[in-house]
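Some notes on the structure that comes next.
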There are 2 protein chains.
Amino acid sequence: MRPKSIEKEQAIRTIALKIIHEEGLENLSMQKLAKAANISPRTIYIKYADKEDLLIKLFIDEVLGEYERAVLENFDEKMDFAEGIRRVWLNTFRYFKNNRHAFALMQYGNSSPLLNKAFKERNIQEGQFFAPIHKFYKTNISKKIIKNFPVEVCRALLMSPIFNLMNEYFEHLDRPKQIITEKVILESCDVVIKGMTI
Amino acid sequence: MRPKSIEKEQAIRTIALKIIHEEGLENLSMQKLAKAANISPRTIYIKYADKEDLLIKLFIDEVLGEYERAVLENFDEKMDFAEGIRRVWLNTFRYFKNNRHAFALMQYGNSSPLLNKAFKERNIQEGQFFAPIHKFYKTNISKKIIKNFPVEVCRALLMSPIFNLMNEYFEHLDRPKQIITEKVILESCDVVIKGMTI
DNA sequence: CATAAGTAAATAAACGTTTACTTATATTTG
DNA sequence: CAAATATAAGTAAACGTTTATTTACTTATG
């Protein structure tokens, strides 16, 4: 029996993310992807049931999964609150800086109904993505270190600015001077920490 | 000469936003739109040069423009900082609460390269959208009321959480109990204000 | 050599857009 | 002031292309 080619599988994923980043999700087609990856369209269908299946797996495994891995590196729920949030912010910044294509699809998670639905279902089925961070919020709420909000609100207050700054970082790549440096990220992080702590 | 039908033009825009919200930008087609609006595909091309033109005008005029109008209601650059930010947050929350379709396309502004490009060009060409708010940031920086960051960073720190909370608001519509109330919005707003002020 | 991985080419359906024609109305004319 | 006219708005149907997916066949390897 002929074995599956891992390189072809990886090429599909990498090039799909590249096309999504450069041309948008709405301009990714199976035939365009096959041509760019130098394979037959049929080969994609050996690895994925259909286009939806490909997009959902790309989003869940390649983007959310990899980001979760990166964001939790050297993170520990028992960390001091400020230290923990700074760790998570730096991990986010450094990871996406080197994975711009993944960041592009990540952003579609807030817009595309398909990805939104996939994320919600996966969250319910397999327990929460980012569960350690949610637990971290809850611990610090009960220790009365941070204000008492539902986790969804904690996430909005503590995490949404870093994603917005990430966006700014990439837009400044095309402008003469980068204003989003690691220093600015850490100063911004301290702003959200200050706001949240009691 | 037969006059243009304003109702048809408005139907195109309203129904386009509806389809984008319900099925995603990637599933909006000119023929689907025409059928849903009960008009001929040709009629869309009388009002818009092509699909790109339609999407860009939808985004700039119907979404960004209308939001800008709503967000600045009863806002004055000379307001006290906390008062001004609270005004802007409440305006945002109340506007999108009643314009969910517009919010859906707004979110695509962070993902779709087409809309991203359109926004940047429009910002350069016609002066800044949200210029009064940017001026408000700068004034409060020079008055040493808030920390000194570039406007892009101010926007990320002060505005991105309300958009994230807006997203949560809509997701909770499908769940048994709404956790994103106006009270929670105002408490969250106070968190970002506290973080930002010196 | 059995078998799943892979290909090239084809399928029907849907796509954005256009063609050829009809309709409604502001203006001109009688 | 009403009928005629000019003209852009509108329609139904079609255009060629691209879409997602499949068929019929070839290839590589346990």
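Going through the structure tokens in order, the chains are called A, B, and so on, while each chain numbers its residues from 1 and the ligands are numbered from 1 in the order shown.
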
**Prompt:** Could you write out, as a PyMOL selection string, all the residues of stretch 34-194 of chain A that DSSP marks as alpha helix (DSSP H)?
**Reply:** chain A and resi 34-36+41-47+51-57+66-71+81-97+100-108+113-125+131-142+151-173+182-194

**Request:** Would you give me, as a PyMOL selection string, the residues of chain B that come within 7 Å of chain C, using only C-alpha atoms (C1' of nucleotides)?
**Result:** chain B and resi 1-3

**Prompt:** Given a cut-off of 6 Å, which residues of chain A touch chain B, counting only C-alpha atoms, written out as a list of chain:residue names?
**Reply:**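 The answer, sorted by residue number, is A:Gly24, A:Glu26, A:Gln107, A:Tyr108, A:Ser111, A:Ser112, A:Pro113, A:Ala156, A:Leu157, A:Ser160, A:Pro161, A:Asn164, A:Val191, A:Val192, A:Lys194, A:Gly195, A:Met196.
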
Using only C-alpha atoms (C1' of nucleotides), find which residues of chain D lie within 7 Å of chain A and jot them down as a PDB file with N, CA, C and O atoms (P, O5', C5', C4', C3', O3' and C1' of nucleotides), in the first residue's frame.
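Output below, filename part-v3.pdb:
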ATOM      1  P    DA D  28       5.823   6.251  -9.556  1.00  0.00           P
ATOM      2  O5'  DA D  28       5.949   5.865  -8.023  1.00  0.00           O
ATOM      3  C5'  DA D  28       5.355   6.714  -7.043  1.00  0.00           C
ATOM      4  C4'  DA D  28       5.022   5.891  -5.825  1.00  0.00           C
ATOM      5  C3'  DA D  28       6.197   5.090  -5.263  1.00  0.00           C
ATOM      6  O3'  DA D  28       6.271   5.412  -3.893  1.00  0.00           O
ATOM      7  C1'  DA D  28       4.299   3.708  -5.512  1.00  0.00           C
ATOM      8  P    DT D  29       7.600   5.203  -3.073  1.00  0.00           P
ATOM      9  O5'  DT D  29       7.215   3.964  -2.140  1.00  0.00           O
ATOM     10  C5'  DT D  29       6.198   4.138  -1.145  1.00  0.00           C
ATOM     11  C4'  DT D  29       5.636   2.801  -0.746  1.00  0.00           C
ATOM     12  C3'  DT D  29       6.688   1.775  -0.272  1.00  0.00           C
ATOM     13  O3'  DT D  29       6.190   1.200   0.913  1.00  0.00           O
ATOM     14  C1'  DT D  29       5.214   0.782  -1.728  1.00  0.00           C
ATOM     15  P    DG D  30       7.018   1.252   2.267  1.00  0.00           P
ATOM     16  O5'  DG D  30       6.164   0.298   3.243  1.00  0.00           O
ATOM     17  C5'  DG D  30       4.842   0.687   3.638  1.00  0.00           C
ATOM     18  C4'  DG D  30       4.013  -0.534   3.948  1.00  0.00           C
ATOM     19  C3'  DG D  30       4.681  -1.574   4.831  1.00  0.00           C
ATOM     20  O3'  DG D  30       3.694  -2.102   5.724  1.00  0.00           O
ATOM     21  C1'  DG D  30       4.249  -2.525   2.676  1.00  0.00           C
TER      22       DG D  30
END

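Restricting the calculation to only C-alpha atoms, the smallest distance between B:Thr92 and any of B:Lys183, B:Lys78, B:Arg13, B:Arg69 is found for B:Arg69.
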
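Atom CA of B:Thr181 lies 26.0 Å from atom CA of A:Ala118.
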
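Atom CA of A:Ile19 sits 28.2 Å away from atom C1' of D:DT23.
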
**Interatomic distance, atom CA of B:Ser40 to atom CA of B:Gly65 (Å, one decimal)** =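 Taking atom CA of B:Ser40 as the start and atom CA of B:Gly65 as the end point, the length is 27.5 Å.
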